[in-house]
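**Student:** One structure, as structure tokens, below. Some questions next.
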Amino acid sequence: MKQATLPSAAQAHPTAEPQPAAAPSEPPAAYDLSSQIGHLLRRAYQRHTAIFQETIPDHRLTAVQFAVLVAIREEQPAPLIRIGRMTAIDHATLRGIVARLEDRDLVRTESDTEDRRQRIVSLSPDGEALVRTCIPEALRITELTLAPLDACERVAALHILRKLSGE
């Protein structure tokens with residue numbers, strides 16, 4: 001699977017010139033928060049997260065934990081570094097997520113026989129059962145998240161989000 005890498009601001013806009021700071025005597029430029037992409041993405045993600053928590057059968061499971069379980073299921077047994085690349089989660093955060101999943105006996109970890117520093121992760125039988133149970137609801141969550149959009153808007157939204165995320 002393709003690794004998600006995000007370009008730096010300079011890479012994303014190599015021709016963009018730094019703008020000088022406005023002189024103190026000039027009024028600040030208008031800034032409409034409700035029109036800013038970061039704000040809108042955060043609001044959409046908050047809505048999706050609320051739908052996830054209301055819909056998923058295991059109320060202790062977060063959307064990010066579910067994504068990690070699904071990635072593990074696709075690649076198991078897999079090194080944590082591969083799961084991190086698949087989910088675009090940094091290694092330190094991923095270790096914490098996996099530890100919480102391991103505490104619930106949803107995943108198992110072991111040291112790589114060739115590289116003791118590397119952790120190999122796989123689903124436990126309980127983890128496999130949970131993913132199997134949650135997948136139909138996760139598909140429903142996607143439908144509920146996209147419900148305000150018509151068919152063309154759904155295709156466009158997913159295309160734009162993939163493009164913005166560098167996929």
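By convention here, the chains of the structure tokens are called A, B, ... in the order presented, each chain's residues are numbered starting at 1, and ligands are numbered starting at 1 in the order presented.
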Residues within 9 Å of Arg108 of chain A, please, as a PDB file with C-alpha atoms, in the first residue's frame. Count only C-alpha atoms; anything in the same chain fewer than 6 positions from it doesn't count.

**Tutor:**
```
ATOM      1  CA  VAL A  98      -1.613  -0.717  20.131  1.00  0.00           C
ATOM      2  CA  LEU A 101      -5.758  -2.598  22.067  1.00  0.00           C
ATOM      3  CA  GLU A 102      -3.411  -5.152  23.600  1.00  0.00           C
ATOM      4  CA  ILE A 120       5.181  -7.395  14.992  1.00  0.00           C
ATOM      5  CA  VAL A 121       1.451  -7.052  15.514  1.00  0.00           C
ATOM      6  CA  SER A 122      -1.493  -9.300  14.669  1.00  0.00           C
ATOM      7  CA  LEU A 123      -5.125  -9.561  15.679  1.00  0.00           C
ATOM      8  CA  SER A 124      -6.156 -11.858  18.484  1.00  0.00           C
TER       9      SER A 124
END
```

**Student:** I'd like the contact shell of Thr49 of chain A - 9 Å cut-off, only C-alpha atoms, skipping same-chain residues fewer than 5 positions apart - returned as number ranges by chain.

**Tutor:** A: 44, 54, 62-63

**Student:** Find the distance between atom CA of Thr142 of chain A and atom CA of His48 of chain A and write it in Å to one decimal.

**Tutor:** 8.1 Å

**Student:** Atom CA of Thr87 of chain A to atom CA of Val68 of chain A: how many Å, to one decimal?

**Tutor:**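 It comes out at 6.7 Å.
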
**Student:** How many Å separate atom CA of Val70 of chain A from atom CA of Leu130 of chain A?

**Tutor:**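 Spanning atom CA of Val70 of chain A to atom CA of Leu130 of chain A is a straight-line distance of 10.1 Å.
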
**Student:** Taking only C-alpha atoms into account, name the residue in A:Glu74, A:Glu128, A:Asp150, A:Glu137 that is nearest to Gln53 of chain A.

**Tutor:**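 Of all the options, A:Glu137 lies closest to Gln53 of chain A.
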
**Student:** Just the alpha helix (DSSP H) stuff from chain A, please, per backbone DSSP, written as JSON, numbers by chain.

**Tutor:** {"A": [9, 10, 11, 12, 37, 38, 39, 40, 41, 42, 43, 44, 45, 46, 47, 48, 49, 50, 51, 52, 53, 54, 55, 63, 64, 65, 66, 67, 68, 69, 70, 71, 72, 73, 74, 75, 80, 81, 82, 83, 84, 85, 86, 87, 91, 92, 93, 94, 95, 96, 97, 98, 99, 100, 101, 102, 103, 125, 126, 127, 128, 129, 130, 131, 132, 133, 134, 135, 136, 137, 138, 139, 140, 141, 142, 143, 144, 145, 146, 151, 152, 153, 154, 155, 156, 157, 158, 159, 160, 161, 162, 163, 164]}

**Student:** Near Ala129 of chain A, counting only C-alpha atoms, which residues have an atom at most 12 Å away, once you skip same-chain residues fewer than 5 positions from it, shown as JSON, numbers by chain?

**Tutor:** {"A": [58, 69, 70, 73, 105, 106, 107, 123, 124, 134, 135]}

**Student:** Using C-alpha atoms, can you export the residues from the last selection as a PDB file, in the first residue's frame?

**Tutor:**
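File produced: part22.pdb:
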```pdb
ATOM      1  CA  ASP A  58     -18.261  -1.332  20.792  1.00  0.00           C
ATOM      2  CA  LEU A  69      -7.372  -2.927  13.646  1.00  0.00           C
ATOM      3  CA  VAL A  70      -8.423  -2.943   9.980  1.00  0.00           C
ATOM      4  CA  ARG A  73      -6.118  -7.356   9.638  1.00  0.00           C
ATOM      5  CA  ASP A 105      -6.798  -8.521  24.172  1.00  0.00           C
ATOM      6  CA  LEU A 106      -7.657  -7.354  20.653  1.00  0.00           C
ATOM      7  CA  VAL A 107      -4.100  -7.546  19.297  1.00  0.00           C
ATOM      8  CA  LEU A 123      -5.125  -9.561  15.679  1.00  0.00           C
ATOM      9  CA  SER A 124      -6.156 -11.858  18.484  1.00  0.00           C
ATOM     10  CA  CYS A 134     -17.825  -3.705  13.124  1.00  0.00           C
ATOM     11  CA  ILE A 135     -17.188  -3.651   9.358  1.00  0.00           C
TER      12      ILE A 135
END
```

**Student:** List the neighbours of segment 158-162 of chain A out to 12 Å using only C-alpha atoms; skip same-chain residues closer than 5 positions along the sequence, and give me the result as an MDAnalysis selection string.

**Tutor:** chainID A and resid 4:6 37 41 44:45 142 145:146 149 151:153 167

**Student:** Take the residues from that selection and put them in a file with C-alpha atoms, as a PDB file, in the first residue's frame.

**Tutor:**
```pdb
ATOM      1  CA  ALA A   4       1.013   8.642   2.974  1.00  0.00           C
ATOM      2  CA  THR A   5       3.496  11.501   2.971  1.00  0.00           C
ATOM      3  CA  LEU A   6       2.486  15.069   3.389  1.00  0.00           C
ATOM      4  CA  ILE A  37     -10.305  24.659   5.072  1.00  0.00           C
ATOM      5  CA  LEU A  41     -12.140  19.717   7.882  1.00  0.00           C
ATOM      6  CA  ALA A  44     -16.499  17.461   9.281  1.00  0.00           C
ATOM      7  CA  TYR A  45     -14.204  15.146  11.266  1.00  0.00           C
ATOM      8  CA  THR A 142     -19.443   6.199   5.963  1.00  0.00           C
ATOM      9  CA  THR A 145     -21.209  10.781   7.164  1.00  0.00           C
ATOM     10  CA  LEU A 146     -21.765  11.335   3.444  1.00  0.00           C
ATOM     11  CA  LEU A 149     -24.168  14.842  -0.260  1.00  0.00           C
ATOM     12  CA  ALA A 151     -23.917  10.921  -5.536  1.00  0.00           C
ATOM     13  CA  CYS A 152     -21.793  13.364  -7.566  1.00  0.00           C
ATOM     14  CA  GLU A 153     -20.808  15.342  -4.470  1.00  0.00           C
ATOM     15  CA  GLU A 167      -2.823  10.029  -2.252  1.00  0.00           C
TER      16      GLU A 167
END
```

**Student:** Name the residues of segment 35-154 of chain A that come out as strand (DSSP E or B) in a backbone DSSP run; write them as a list in words.

**Tutor:**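 Answer for segment 35-154 of chain A, restricted to strand (DSSP E or B): Ala78, Pro79, Val107, Arg108, Thr109, Glu110, Ser111, Arg119, Ile120, Val121, Ser122 and Leu123 of chain A.
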
**Student:** Near Thr133 of chain A, within 12 Å and counting only C-alpha atoms, which residues show up once chain neighbours fewer than 5 positions away are dropped, as a list in words?

**Tutor:**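 The filter keeps Ile56, Pro57, Asp58, Phe66, Val70, Asp126, Gly127, Glu128, Ala138 and Leu139 of chain A.
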
**Student:** Taking only C-alpha atoms into account, which of A:Leu80, A:Val155, A:Ala147, A:Ile141 comes nearest Arg119 of chain A?

**Tutor:**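 Closest residue, counting only C-alpha atoms: A:Leu80.
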